[in-house]
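Asks: My structure is in data-v4.tsv, and what it holds is TSV, C-alpha atoms:
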```tsv
chain	number	residue	atom	x	y	z
A	13	MET	CA	0.00	0.00	0.00
A	14	THR	CA	1.34	3.43	-0.92
A	15	LEU	CA	1.16	6.54	1.24
A	16	GLN	CA	-1.07	8.19	-1.36
A	17	LYS	CA	-3.50	5.26	-1.29
A	18	LEU	CA	-3.54	5.31	2.50
A	19	PHE	CA	-4.13	9.06	2.55
A	20	ASN	CA	-7.14	8.54	0.29
A	21	LEU	CA	-8.42	5.85	2.66
A	22	LYS	CA	-7.94	7.87	5.86
A	23	SER	CA	-11.39	9.45	5.70
A	24	LYS	CA	-12.90	5.96	5.74
A	25	PHE	CA	-11.67	5.34	9.28
A	26	VAL	CA	-12.89	6.62	12.62
A	27	THR	CA	-10.11	6.97	15.17
A	28	ARG	CA	-9.75	7.36	18.89
A	29	ILE	CA	-6.62	7.97	20.91
A	30	VAL	CA	-6.35	5.78	24.01
A	31	GLY	CA	-3.24	6.62	26.03
A	32	GLU	CA	-0.37	6.71	23.53
A	33	GLU	CA	-2.12	4.34	21.14
A	34	LEU	CA	-4.63	4.85	18.38
A	35	ILE	CA	-7.64	2.71	17.49
A	36	LEU	CA	-8.76	2.67	13.86
A	37	VAL	CA	-12.26	1.51	13.00
A	38	PRO	CA	-13.16	1.24	9.32
A	39	LEU	CA	-16.47	2.60	8.04
A	40	THR	CA	-18.12	-0.37	6.39
A	41	GLY	CA	-21.33	-1.20	4.60
A	42	ASN	CA	-21.49	-4.82	5.67
A	43	VAL	CA	-21.13	-7.01	8.73
A	44	ALA	CA	-18.06	-8.88	7.49
A	45	GLN	CA	-15.53	-6.18	8.45
A	46	MET	CA	-17.08	-5.12	11.73
A	47	THR	CA	-14.50	-6.94	13.84
A	48	ALA	CA	-11.61	-5.59	11.73
A	49	LEU	CA	-10.38	-3.04	14.24
A	50	PHE	CA	-6.80	-1.90	14.24
A	51	THR	CA	-4.71	-0.76	17.17
A	52	LEU	CA	-1.61	1.31	16.48
A	53	ASN	CA	1.19	1.74	18.99
A	54	GLU	CA	2.96	5.05	19.50
A	55	THR	CA	5.08	4.65	16.35
A	56	GLY	CA	2.13	3.54	14.21
A	57	LYS	CA	0.09	6.44	15.56
A	58	PHE	CA	2.87	8.87	14.62
A	59	ILE	CA	3.06	7.49	11.08
A	60	TRP	CA	-0.75	7.59	10.70
A	61	GLU	CA	-0.94	11.19	11.92
A	62	ASN	CA	1.76	12.30	9.50
A	63	ILE	CA	0.19	10.78	6.41
A	64	ASN	CA	-1.22	13.71	4.46
A	65	ASP	CA	-1.32	14.98	0.90
A	66	LYS	CA	2.19	16.49	1.19
A	67	ASN	CA	4.47	14.15	3.14
A	68	THR	CA	6.52	11.54	1.29
A	69	VAL	CA	7.91	8.37	2.87
A	70	GLU	CA	11.24	10.17	3.17
A	71	ASP	CA	9.59	13.10	4.98
A	72	ILE	CA	8.03	10.77	7.54
A	73	GLU	CA	11.31	8.89	7.95
A	74	TYR	CA	13.00	12.18	8.73
A	75	LEU	CA	10.27	13.20	11.19
A	76	MET	CA	10.55	9.85	12.94
A	77	THR	CA	14.31	10.22	13.43
A	78	GLU	CA	13.63	13.64	14.94
A	79	VAL	CA	10.96	12.44	17.39
A	80	PHE	CA	12.06	8.93	18.26
A	81	ASP	CA	15.58	7.82	19.06
A	82	ILE	CA	15.99	5.78	15.87
A	83	ASP	CA	18.09	5.89	12.70
A	84	ARG	CA	16.81	6.38	9.16
A	85	GLU	CA	16.96	2.67	8.29
A	86	THR	CA	14.83	1.69	11.30
A	87	ALA	CA	12.30	4.40	10.43
A	88	GLU	CA	12.13	3.13	6.85
A	89	ASN	CA	11.53	-0.43	8.07
A	90	ASP	CA	8.84	0.74	10.50
A	91	ILE	CA	6.99	2.57	7.74
A	92	ARG	CA	7.30	-0.36	5.33
A	93	ASN	CA	5.97	-2.80	7.95
A	94	PHE	CA	3.18	-0.40	8.85
A	95	LEU	CA	1.99	-0.08	5.25
A	96	LYS	CA	2.28	-3.84	4.70
A	97	LYS	CA	0.20	-4.62	7.79
A	98	LEU	CA	-2.52	-2.15	6.87
A	99	GLU	CA	-2.62	-3.54	3.35
A	100	THR	CA	-3.09	-7.07	4.69
A	101	THR	CA	-5.92	-5.98	6.96
A	102	PHE	CA	-7.80	-3.39	4.99
A	103	ALA	CA	-6.90	-3.76	1.31
B	16	MET	CA	-71.53	3.36	1.01
B	17	PRO	CA	-73.42	3.25	4.31
B	18	ASP	CA	-71.94	-0.21	4.97
B	19	TYR	CA	-68.50	1.08	4.25
B	20	GLN	CA	-69.10	4.04	6.55
B	21	TYR	CA	-70.26	1.71	9.28
B	22	ILE	CA	-67.25	-0.52	8.95
B	23	TYR	CA	-64.99	2.50	8.96
B	24	THR	CA	-66.57	3.80	12.13
B	25	ILE	CA	-66.02	0.51	13.93
B	26	TYR	CA	-62.49	0.44	12.63
B	27	THR	CA	-61.79	3.90	13.91
B	28	PHE	CA	-63.35	3.08	17.25
B	29	SER	CA	-60.95	0.17	17.75
B	30	MET	CA	-57.98	2.48	17.18
B	31	ALA	CA	-55.21	3.31	19.54
B	32	ASN	CA	-53.99	-0.12	20.42
B	33	GLN	CA	-50.92	0.63	22.42
B	34	LYS	CA	-48.39	-1.12	24.58
B	35	TYR	CA	-45.44	0.11	26.60
B	36	LEU	CA	-42.26	-1.87	27.01
B	37	ASN	CA	-39.44	-1.27	29.46
B	38	ILE	CA	-36.22	-2.71	28.04
B	39	ALA	CA	-32.92	-1.81	29.70
B	40	ASP	CA	-34.69	1.11	31.41
B	41	PHE	CA	-35.61	2.53	28.01
B	42	THR	CA	-39.34	3.09	27.50
B	43	ILE	CA	-40.75	1.98	24.17
B	44	LYS	CA	-44.28	2.87	23.12
B	45	LEU	CA	-45.91	0.79	20.39
B	46	GLN	CA	-49.11	2.09	18.91
B	47	SER	CA	-51.33	1.18	15.99
B	48	ASN	CA	-54.77	1.55	14.55
B	49	PHE	CA	-54.62	-2.17	13.91
B	50	GLU	CA	-54.43	-5.29	16.02
B	51	PHE	CA	-50.86	-6.20	16.80
B	52	GLU	CA	-49.13	-8.68	19.02
B	53	LEU	CA	-45.65	-9.29	20.34
B	54	GLU	CA	-43.56	-12.45	20.36
B	55	ILE	CA	-43.55	-14.35	23.66
B	56	GLY	CA	-40.17	-13.00	24.78
B	57	TYR	CA	-41.62	-9.49	25.15
B	58	ASP	CA	-44.40	-10.49	27.57
B	59	SER	CA	-42.44	-9.80	30.76
B	60	PHE	CA	-41.14	-6.50	29.43
B	61	ILE	CA	-44.62	-5.02	28.97
B	62	THR	CA	-45.26	-2.32	31.52
B	63	LYS	CA	-48.58	-0.83	32.63
B	64	GLU	CA	-46.88	2.48	33.19
B	65	GLU	CA	-47.81	4.95	30.47
B	66	THR	CA	-44.88	7.29	30.02
B	67	PRO	CA	-45.70	10.70	28.51
B	68	GLU	CA	-42.28	10.90	26.87
B	69	PRO	CA	-41.09	7.46	25.85
B	70	ASP	CA	-37.52	7.05	24.58
B	71	VAL	CA	-38.88	5.71	21.34
B	72	THR	CA	-42.31	5.47	19.72
B	73	ILE	CA	-43.08	2.75	17.20
B	74	GLN	CA	-46.05	3.31	14.94
B	75	CYS	CA	-47.17	-0.03	13.48
B	76	TYR	CA	-48.92	-0.52	10.15
B	77	PRO	CA	-50.11	-3.54	8.16
B	78	GLY	CA	-48.81	-4.13	4.64
B	79	ILE	CA	-45.46	-3.61	3.04
B	80	PRO	CA	-45.18	-0.28	1.21
B	81	THR	CA	-43.40	0.00	-2.10
B	82	LEU	CA	-40.45	2.29	-1.62
B	83	ASP	CA	-38.40	3.88	-4.34
B	84	LEU	CA	-34.94	3.35	-2.91
B	85	PRO	CA	-32.08	4.16	-5.29
B	86	LYS	CA	-29.20	1.70	-5.06
B	87	LYS	CA	-26.81	4.50	-4.13
B	88	SER	CA	-28.79	5.13	-0.96
B	89	LEU	CA	-27.94	1.61	0.27
B	90	VAL	CA	-25.60	2.17	3.22
B	91	PHE	CA	-25.49	-1.20	4.95
B	92	GLU	CA	-26.26	-4.84	4.28
B	93	ALA	CA	-26.32	-7.67	6.79
B	94	LYS	CA	-25.95	-10.81	4.73
B	95	ASN	CA	-23.92	-13.97	4.34
B	96	GLU	CA	-23.10	-16.15	1.34
B	97	ILE	CA	-26.57	-17.69	1.41
B	98	GLN	CA	-29.01	-14.89	2.18
B	99	LYS	CA	-29.66	-11.33	3.18
B	100	PHE	CA	-30.90	-10.53	6.68
B	101	TYR	CA	-31.54	-6.83	6.34
B	102	SER	CA	-30.53	-3.79	4.30
B	103	ILE	CA	-30.41	-0.15	5.39
B	104	TYR	CA	-31.00	2.76	3.03
B	105	GLN	CA	-30.42	6.39	3.92
B	106	THR	CA	-33.29	8.51	2.66
B	107	GLY	CA	-32.47	12.12	3.50
B	108	PRO	CA	-32.12	12.32	7.27
B	109	SER	CA	-34.10	9.08	7.80
B	110	PHE	CA	-33.15	5.44	7.46
B	111	ALA	CA	-35.21	2.73	5.76
B	112	PHE	CA	-34.70	-0.82	6.99
B	113	ILE	CA	-35.72	-3.69	4.71
B	114	ILE	CA	-36.02	-6.91	6.69
B	115	TYR	CA	-35.95	-10.16	4.74
B	116	ASN	CA	-37.81	-13.35	5.57
B	117	GLN	CA	-35.27	-15.92	6.79
B	118	GLN	CA	-37.30	-18.88	5.54
B	119	THR	CA	-38.15	-17.65	2.07
B	120	LYS	CA	-34.87	-15.75	1.68
B	121	ASP	CA	-35.44	-12.68	-0.51
B	122	GLU	CA	-39.09	-12.03	0.40
B	123	ILE	CA	-39.48	-8.79	2.36
B	124	GLN	CA	-40.85	-9.48	5.82
B	125	GLN	CA	-40.98	-5.94	7.13
B	126	VAL	CA	-40.07	-2.38	6.28
B	127	ALA	CA	-39.16	0.07	9.02
B	128	ILE	CA	-38.41	3.78	8.83
B	129	LEU	CA	-36.33	5.45	11.54
B	130	ASP	CA	-36.50	9.22	11.76
B	131	GLU	CA	-33.54	11.53	12.21
B	132	THR	CA	-34.07	11.90	15.96
B	133	PHE	CA	-33.87	8.11	16.39
B	134	SER	CA	-36.94	8.38	18.60
B	135	ARG	CA	-39.65	7.40	16.13
B	136	TRP	CA	-40.11	4.32	13.98
B	137	GLU	CA	-42.74	3.43	11.43
B	138	VAL	CA	-42.93	-0.34	11.10
B	139	TYR	CA	-44.80	-2.04	8.25
B	140	SER	CA	-45.52	-5.76	8.56
B	141	ASN	CA	-47.54	-8.32	6.64
B	142	TYR	CA	-50.61	-9.77	8.34
B	143	GLU	CA	-50.12	-13.11	10.07
B	144	ASP	CA	-53.45	-14.66	11.15
B	145	ASP	CA	-55.19	-11.27	11.08
B	146	LYS	CA	-52.51	-9.68	13.25
B	147	ILE	CA	-49.27	-7.89	12.68
B	148	ILE	CA	-46.15	-8.65	14.71
B	149	PRO	CA	-44.14	-5.41	14.59
B	150	LEU	CA	-41.14	-6.58	16.64
B	151	LYS	CA	-40.77	-9.89	14.84
B	152	TYR	CA	-37.18	-11.17	14.83
B	153	PRO	CA	-34.79	-9.72	13.70
B	154	LEU	CA	-36.42	-6.26	13.68
B	155	GLY	CA	-36.97	-6.31	17.47
B	156	PRO	CA	-33.24	-6.63	18.27
B	157	ILE	CA	-32.40	-4.10	15.52
B	158	ILE	CA	-34.69	-1.54	17.17
B	159	MET	CA	-33.12	-2.32	20.55
B	160	HIS	CA	-29.68	-1.80	19.05
B	161	TYR	CA	-30.71	1.60	17.70
B	162	LEU	CA	-31.90	2.55	21.19
B	163	THR	CA	-28.24	2.35	22.20
B	164	VAL	CA	-26.78	4.21	19.22
B	165	LYS	CA	-27.40	7.70	20.56
B	166	SER	CA	-27.19	6.83	24.25
B	167	SER	CA	-24.45	5.94	26.69
B	168	ALA	CA	-25.00	2.29	25.92
B	169	VAL	CA	-23.99	-0.62	23.72
B	170	MET	CA	-25.51	-3.94	22.78
B	171	ILE	CA	-23.17	-6.91	23.03
B	172	HIS	CA	-23.16	-10.61	22.17
B	173	ALA	CA	-22.27	-12.09	25.53
B	174	SER	CA	-23.45	-13.96	28.58
B	175	CYS	CA	-23.72	-12.26	31.95
B	176	ILE	CA	-23.75	-13.69	35.46
B	177	PHE	CA	-24.59	-12.05	38.78
B	178	ASP	CA	-23.20	-13.89	41.81
B	179	GLY	CA	-25.04	-11.77	44.37
B	180	GLN	CA	-22.20	-9.27	44.57
B	181	LYS	CA	-20.65	-8.79	41.16
B	182	GLY	CA	-21.83	-8.80	37.57
B	183	ARG	CA	-19.50	-10.42	35.05
B	184	ILE	CA	-19.80	-10.49	31.28
B	185	PHE	CA	-18.32	-13.32	29.21
B	186	THR	CA	-17.93	-12.59	25.53
B	187	GLY	CA	-16.12	-14.15	22.58
B	188	PHE	CA	-16.48	-15.50	19.09
B	189	SER	CA	-19.13	-18.05	18.23
B	190	GLY	CA	-18.17	-21.34	19.90
B	191	ALA	CA	-15.91	-19.63	22.46
B	192	GLY	CA	-18.04	-20.96	25.32
B	193	LYS	CA	-20.46	-18.15	26.29
B	194	SER	CA	-23.34	-20.53	26.99
B	195	THR	CA	-21.02	-23.15	28.50
B	196	ILE	CA	-19.51	-20.79	31.06
B	197	SER	CA	-22.93	-19.36	31.79
B	198	LYS	CA	-24.27	-22.84	32.59
B	199	ILE	CA	-21.27	-23.56	34.84
B	200	TRP	CA	-22.06	-20.45	36.93
B	201	ALA	CA	-25.79	-21.21	36.87
B	202	ASP	CA	-25.20	-24.78	38.11
B	203	ALA	CA	-23.25	-23.27	41.00
B	204	GLY	CA	-26.34	-21.27	42.01
B	205	ASN	CA	-25.66	-17.94	40.33
B	206	LEU	CA	-28.11	-15.82	38.36
B	207	VAL	CA	-27.82	-15.83	34.57
B	208	ILE	CA	-28.80	-12.40	33.27
B	209	ASN	CA	-28.75	-13.79	29.72
B	210	ASP	CA	-26.38	-15.89	27.64
B	211	ASP	CA	-26.74	-14.28	24.24
B	212	ARG	CA	-27.66	-10.61	23.85
B	213	LEU	CA	-27.24	-7.88	26.45
B	214	ILE	CA	-27.39	-4.11	26.76
B	215	ILE	CA	-24.74	-2.30	28.81
B	216	ARG	CA	-25.69	1.19	30.01
B	217	LYS	CA	-24.02	3.91	31.99
B	218	LEU	CA	-26.38	5.46	34.51
B	219	ASP	CA	-24.89	8.29	36.56
B	220	ASN	CA	-21.37	6.99	37.06
B	221	ASP	CA	-22.05	3.28	37.12
B	222	PHE	CA	-22.33	0.62	34.43
B	223	PHE	CA	-25.23	-1.84	34.37
B	224	VAL	CA	-26.08	-4.88	32.29
B	225	TYR	CA	-29.62	-5.76	31.19
B	226	ASN	CA	-31.13	-8.72	29.40
B	227	THR	CA	-33.28	-8.08	26.35
B	228	PRO	CA	-36.33	-10.00	25.06
B	229	MET	CA	-35.43	-13.35	23.50
B	230	TYR	CA	-37.47	-16.01	21.69
B	231	TYR	CA	-38.48	-17.44	25.09
B	232	ASN	CA	-40.11	-15.82	28.10
B	233	ASP	CA	-37.77	-14.46	30.75
B	234	ARG	CA	-38.21	-11.69	33.30
B	235	PRO	CA	-36.30	-8.40	32.91
B	236	LYS	CA	-32.99	-8.52	34.78
B	237	LYS	CA	-30.36	-5.94	35.65
B	238	THR	CA	-26.99	-6.14	37.37
B	239	PRO	CA	-24.09	-3.81	38.05
B	240	LEU	CA	-21.13	-4.59	35.79
B	241	ASP	CA	-17.78	-5.32	37.43
B	242	ALA	CA	-15.72	-7.21	34.86
B	243	ILE	CA	-15.66	-8.29	31.23
B	244	PHE	CA	-13.99	-11.55	30.21
B	245	LEU	CA	-12.97	-12.26	26.60
B	246	ILE	CA	-13.19	-16.03	26.63
B	247	SER	CA	-11.91	-19.02	24.71
B	248	HIS	CA	-11.57	-22.72	25.46
B	249	PHE	CA	-8.09	-23.59	26.71
B	250	PRO	CA	-6.34	-26.69	28.16
B	251	GLU	CA	-5.94	-24.88	31.49
B	252	ASN	CA	-7.53	-21.90	33.21
B	253	LYS	CA	-5.53	-18.80	32.36
B	254	MET	CA	-6.28	-15.10	32.53
B	255	LYS	CA	-4.62	-11.82	31.71
B	256	LYS	CA	-5.79	-8.26	32.35
B	257	LEU	CA	-6.03	-6.04	29.28
B	258	ASP	CA	-5.66	-2.29	29.30
B	259	GLY	CA	-5.75	0.71	27.00
B	260	ALA	CA	-6.45	0.47	23.29
B	261	LEU	CA	-6.23	-3.31	23.29
B	262	ALA	CA	-9.02	-3.63	25.88
B	263	VAL	CA	-11.21	-1.14	23.99
B	264	SER	CA	-10.74	-2.75	20.57
B	265	ARG	CA	-11.21	-6.29	21.87
B	266	VAL	CA	-14.47	-5.44	23.66
B	267	MET	CA	-15.74	-3.38	20.73
B	268	ALA	CA	-15.28	-6.31	18.36
B	269	PHE	CA	-18.07	-8.16	20.18
B	270	CYS	CA	-20.51	-5.27	20.32
B	271	ILE	CA	-23.39	-5.15	17.86
B	272	GLN	CA	-22.63	-2.39	15.39
B	273	ASN	CA	-23.75	-1.02	12.04
B	274	ASN	CA	-20.54	0.80	11.17
B	275	PHE	CA	-21.66	2.77	8.13
B	276	ASP	CA	-21.88	6.06	10.02
B	277	SER	CA	-18.87	7.68	11.67
B	278	ASN	CA	-21.05	9.11	14.45
B	279	PHE	CA	-22.19	5.61	15.44
B	280	ILE	CA	-18.59	4.41	15.60
B	281	GLN	CA	-17.44	7.46	17.54
B	282	ASN	CA	-20.24	6.99	20.07
B	283	ASN	CA	-19.25	3.33	20.50
B	284	LEU	CA	-15.55	4.17	20.86
B	285	ASN	CA	-16.29	6.84	23.45
B	286	PHE	CA	-18.56	4.58	25.46
B	287	ILE	CA	-16.30	1.53	25.37
B	288	SER	CA	-13.22	3.60	26.22
B	289	GLU	CA	-15.00	4.85	29.32
B	290	LEU	CA	-16.32	1.38	30.08
B	291	SER	CA	-12.91	-0.26	29.90
B	292	THR	CA	-11.43	2.45	32.11
B	293	ASN	CA	-14.00	1.74	34.82
B	294	VAL	CA	-14.58	-2.00	34.42
B	295	SER	CA	-11.77	-4.58	34.36
B	296	VAL	CA	-11.26	-6.40	31.05
B	297	PHE	CA	-9.62	-9.82	31.04
B	298	GLU	CA	-8.61	-12.37	28.46
B	299	LEU	CA	-9.72	-15.74	29.87
B	300	GLY	CA	-8.81	-19.19	28.58
B	301	PHE	CA	-10.89	-21.72	30.49
B	302	VAL	CA	-11.47	-25.40	31.09
B	303	PRO	CA	-15.22	-26.07	30.83
B	304	ASN	CA	-15.87	-27.19	34.39
B	305	GLU	CA	-16.58	-25.58	37.76
B	306	SER	CA	-12.85	-24.98	38.43
B	307	VAL	CA	-13.10	-21.78	36.37
B	308	ILE	CA	-15.30	-20.12	39.00
B	309	ASN	CA	-12.75	-20.32	41.81
B	310	PHE	CA	-10.00	-19.51	39.35
B	311	ILE	CA	-11.74	-16.24	38.46
B	312	LEU	CA	-12.57	-15.38	42.07
B	313	GLU	CA	-8.96	-15.98	43.12
B	314	ASN	CA	-7.30	-14.12	40.27
B	315	GLU	CA	-9.51	-11.24	39.15
B	316	THR	CA	-8.17	-8.88	41.78
B	317	THR	CA	-4.52	-9.56	40.91
B	318	GLY	CA	-5.31	-9.64	37.20
B	319	THR	CA	-2.98	-12.25	35.79
B	320	ASN	CA	-2.38	-15.98	36.14
```
Can the structure in the file be given as structure tokens, please?

Replies:
Amino acid sequence: MTLQKLFNLKSKFVTRIVGEELILVPLTGNVAQMTALFTLNETGKFIWENINDKNTVEDIEYLMTEVFDIDRETAENDIRNFLKKLETTFA
Amino acid sequence: MPDYQYIYTIYTFSMANQKYLNIADFTIKLQSNFEFELEIGYDSFITKEETPEPDVTIQCYPGIPTLDLPKKSLVFEAKNEIQKFYSIYQTGPSFAFIIYNQQTKDEIQQVAILDETFSRWEVYSNYEDDKIIPLKYPLGPIIMHYLTVKSSAVMIHASCIFDGQKGRIFTGFSGAGKSTISKIWADAGNLVINDDRLIIRKLDNDFFVYNTPMYYNDRPKKTPLDAIFLISHFPENKMKKLDGALAVSRVMAFCIQNNFDSNFIQNNLNFISELSTNVSVFELGFVPNESVINFILENETTGTN
């Protein structure tokens, strides 16, 4: 899943912050997906919140290295895993 | 014409059939110009008390109207590979519910219109032996669910037990053991609130669990809620306390929801977040015998074993 695709999908989720985590609930027109909730940890929440119509993957990588104590390669892996997981669940 | 007039007069005179129900401390007023009856499970929920301002009023009519519902107004469908259960169309600020007959599959059993305030339904049903049955399954539970949508409440698939001191909910996927664990507690002399469909409400600062009408007769029951257990069969009794987003999302997964409207979801998230902050949520793997009772009593205060 690309950032652009995820940005387009963002409006189809309802979110709620609980502590440092974020719950994503998809809007759905059938019963099949009603148990498909998603819980993001602090890193996932940060990535989600920084997905917009301007940021690139590189921009978010940079922001992550600024906020969390991680290097660029770790940030890149985190973003890749995040997108892969969302694709598996909600594609 | 005179005959017609006469018949009409009698008809009008027999108007205003009405019944009040008290379900989960919500007052429901059913009224009709026509004879209607309720399924047996509602009998004990009928109240003599006539409330001037019921939480919801259901106007009942015979016959299924023909509605012009464009496909694009379809917002939700409850169906499986074999058949449809119900469809929801958004018509301006109102919602139209098309309920399908479960025996004959695609035949429409009822049509129900919910207004924008969620406090008024119009229910159209076919005659059955000269009577209409407005809350016929599954419309009855659907209406009960929509009672919770704009309140501090949720409807959940679960069993609930009251042991005289504490109310405990046991929820999980189909086959997880909701009825089994409920029977284990019942055999040990505890009160089963219900083992299938419950309403949880927040009243003042406390959470309560209520049973709802089923296909059999049972009296209305209510208990304070102290803990929620997400259950599954397991080779040994094992439990773990859940917190934060995990507790909220796991409980929410078992609540009855029509997630086509972001306001409905937000209301659920808000309620369940508050619920899981005030009521302990546990993951429980259990052996299906009476040992699980003592296991819970011994470990629910410490949280993990």

Asks: What does the distance between CA of Glu305 in chain B and CA of Asp241 in chain B come to in Å, to one decimal place?

Replies: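 A separation of 20.3 Å between them.
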
Asks: List the neighbours of Met267 in chain B out to 8 Å using all atoms listed in the file; skip same-chain residues closer than 4 positions along the sequence, and give me the result as a PyMOL selection string.

Replies: (chain A and resi 47) or (chain B and resi 263+283-284+287)

Asks: Pick the closest to Val37 in chain A from B:Asn314, B:Ser291, B:Asn282, B:Ser247: which is it, counting only C-alpha atoms?

Replies: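 Once distances to Val37 in chain A are computed over only C-alpha atoms, the minimum belongs to B:Asn282.
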
Asks: Taking all atoms listed in the file into account, report as a PyMOL selection string which residues of chain B lie within 10 Å of chain A.

Replies: chain B and resi 89-95+102-103+258-281+284-285+288

Asks: Show me the residues close to (-23.4, -15.2, 33.9) - anything with an atom within 12 Å, counting only C-alpha atoms - and format the list as a PyMOL selection string.

Replies: chain B and resi 173-179+181-186+192-213+224-226+236-238+240-244+308

Asks: Restricted to C-alpha atoms, what would the selected residues look like written as an mmCIF file, in the frame of the given file?

Replies:
```
data_model
loop_
_atom_site.group_PDB
_atom_site.id
_atom_site.type_symbol
_atom_site.label_atom_id
_atom_site.label_comp_id
_atom_site.auth_asym_id
_atom_site.auth_seq_id
_atom_site.Cartn_x
_atom_site.Cartn_y
_atom_site.Cartn_z
ATOM 1 C CA ALA B 173 -22.270 -12.090 25.530
ATOM 2 C CA SER B 174 -23.450 -13.960 28.580
ATOM 3 C CA CYS B 175 -23.720 -12.260 31.950
ATOM 4 C CA ILE B 176 -23.750 -13.690 35.460
ATOM 5 C CA PHE B 177 -24.590 -12.050 38.780
ATOM 6 C CA ASP B 178 -23.200 -13.890 41.810
ATOM 7 C CA GLY B 179 -25.040 -11.770 44.370
ATOM 8 C CA LYS B 181 -20.650 -8.790 41.160
ATOM 9 C CA GLY B 182 -21.830 -8.800 37.570
ATOM 10 C CA ARG B 183 -19.500 -10.420 35.050
ATOM 11 C CA ILE B 184 -19.800 -10.490 31.280
ATOM 12 C CA PHE B 185 -18.320 -13.320 29.210
ATOM 13 C CA THR B 186 -17.930 -12.590 25.530
ATOM 14 C CA GLY B 192 -18.040 -20.960 25.320
ATOM 15 C CA LYS B 193 -20.460 -18.150 26.290
ATOM 16 C CA SER B 194 -23.340 -20.530 26.990
ATOM 17 C CA THR B 195 -21.020 -23.150 28.500
ATOM 18 C CA ILE B 196 -19.510 -20.790 31.060
ATOM 19 C CA SER B 197 -22.930 -19.360 31.790
ATOM 20 C CA LYS B 198 -24.270 -22.840 32.590
ATOM 21 C CA ILE B 199 -21.270 -23.560 34.840
ATOM 22 C CA TRP B 200 -22.060 -20.450 36.930
ATOM 23 C CA ALA B 201 -25.790 -21.210 36.870
ATOM 24 C CA ASP B 202 -25.200 -24.780 38.110
ATOM 25 C CA ALA B 203 -23.250 -23.270 41.000
ATOM 26 C CA GLY B 204 -26.340 -21.270 42.010
ATOM 27 C CA ASN B 205 -25.660 -17.940 40.330
ATOM 28 C CA LEU B 206 -28.110 -15.820 38.360
ATOM 29 C CA VAL B 207 -27.820 -15.830 34.570
ATOM 30 C CA ILE B 208 -28.800 -12.400 33.270
ATOM 31 C CA ASN B 209 -28.750 -13.790 29.720
ATOM 32 C CA ASP B 210 -26.380 -15.890 27.640
ATOM 33 C CA ASP B 211 -26.740 -14.280 24.240
ATOM 34 C CA ARG B 212 -27.660 -10.610 23.850
ATOM 35 C CA LEU B 213 -27.240 -7.880 26.450
ATOM 36 C CA VAL B 224 -26.080 -4.880 32.290
ATOM 37 C CA TYR B 225 -29.620 -5.760 31.190
ATOM 38 C CA ASN B 226 -31.130 -8.720 29.400
ATOM 39 C CA LYS B 236 -32.990 -8.520 34.780
ATOM 40 C CA LYS B 237 -30.360 -5.940 35.650
ATOM 41 C CA THR B 238 -26.990 -6.140 37.370
ATOM 42 C CA LEU B 240 -21.130 -4.590 35.790
ATOM 43 C CA ASP B 241 -17.780 -5.320 37.430
ATOM 44 C CA ALA B 242 -15.720 -7.210 34.860
ATOM 45 C CA ILE B 243 -15.660 -8.290 31.230
ATOM 46 C CA PHE B 244 -13.990 -11.550 30.210
ATOM 47 C CA ILE B 308 -15.300 -20.120 39.000
#
```

Asks: Any idea what the distance is between CA of Phe301 in chain B and CA of Ala39 in chain B?

Replies: 29.7 Å

Asks: Quick one: residues within 6 Å of range 295-300 of chain B, only C-alpha atoms, excluding same-chain residues fewer than 6 positions away - as JSON, numbers by chain?

Replies: {"B": [242, 243, 244, 245, 246, 247, 248, 249, 252, 253, 254, 255, 256, 257]}

Asks: Contacts of Gln46 in chain B at 7 Å or less, counting all atoms listed in the file, minus same-chain residues fewer than 6 places along, as a ChimeraX atom specification?

Replies: /B:31-34,73-75

Asks: Could you jot down the CA of Leu154 in chain B to CA of Tyr115 in chain B separation for me, Å, one decimal place?

Replies: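 It comes out at 9.8 Å.
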
Asks: List as a compact mmCIF listing (two decimals) with C-alpha atoms, keeping the file's coordinate frame the residues having at least one atom at most 8 Å from position (-44.3, -17.3, 19.1) as given in the file, counting only C-alpha atoms.

Replies:
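The result, stored in result_5.txt:
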```
# COMPACT_ATOMS: atom_id res chain seq x y z
CA GLU B 54 -43.56 -12.45 20.36
CA ILE B 55 -43.55 -14.35 23.66
CA TYR B 230 -37.47 -16.01 21.69
```
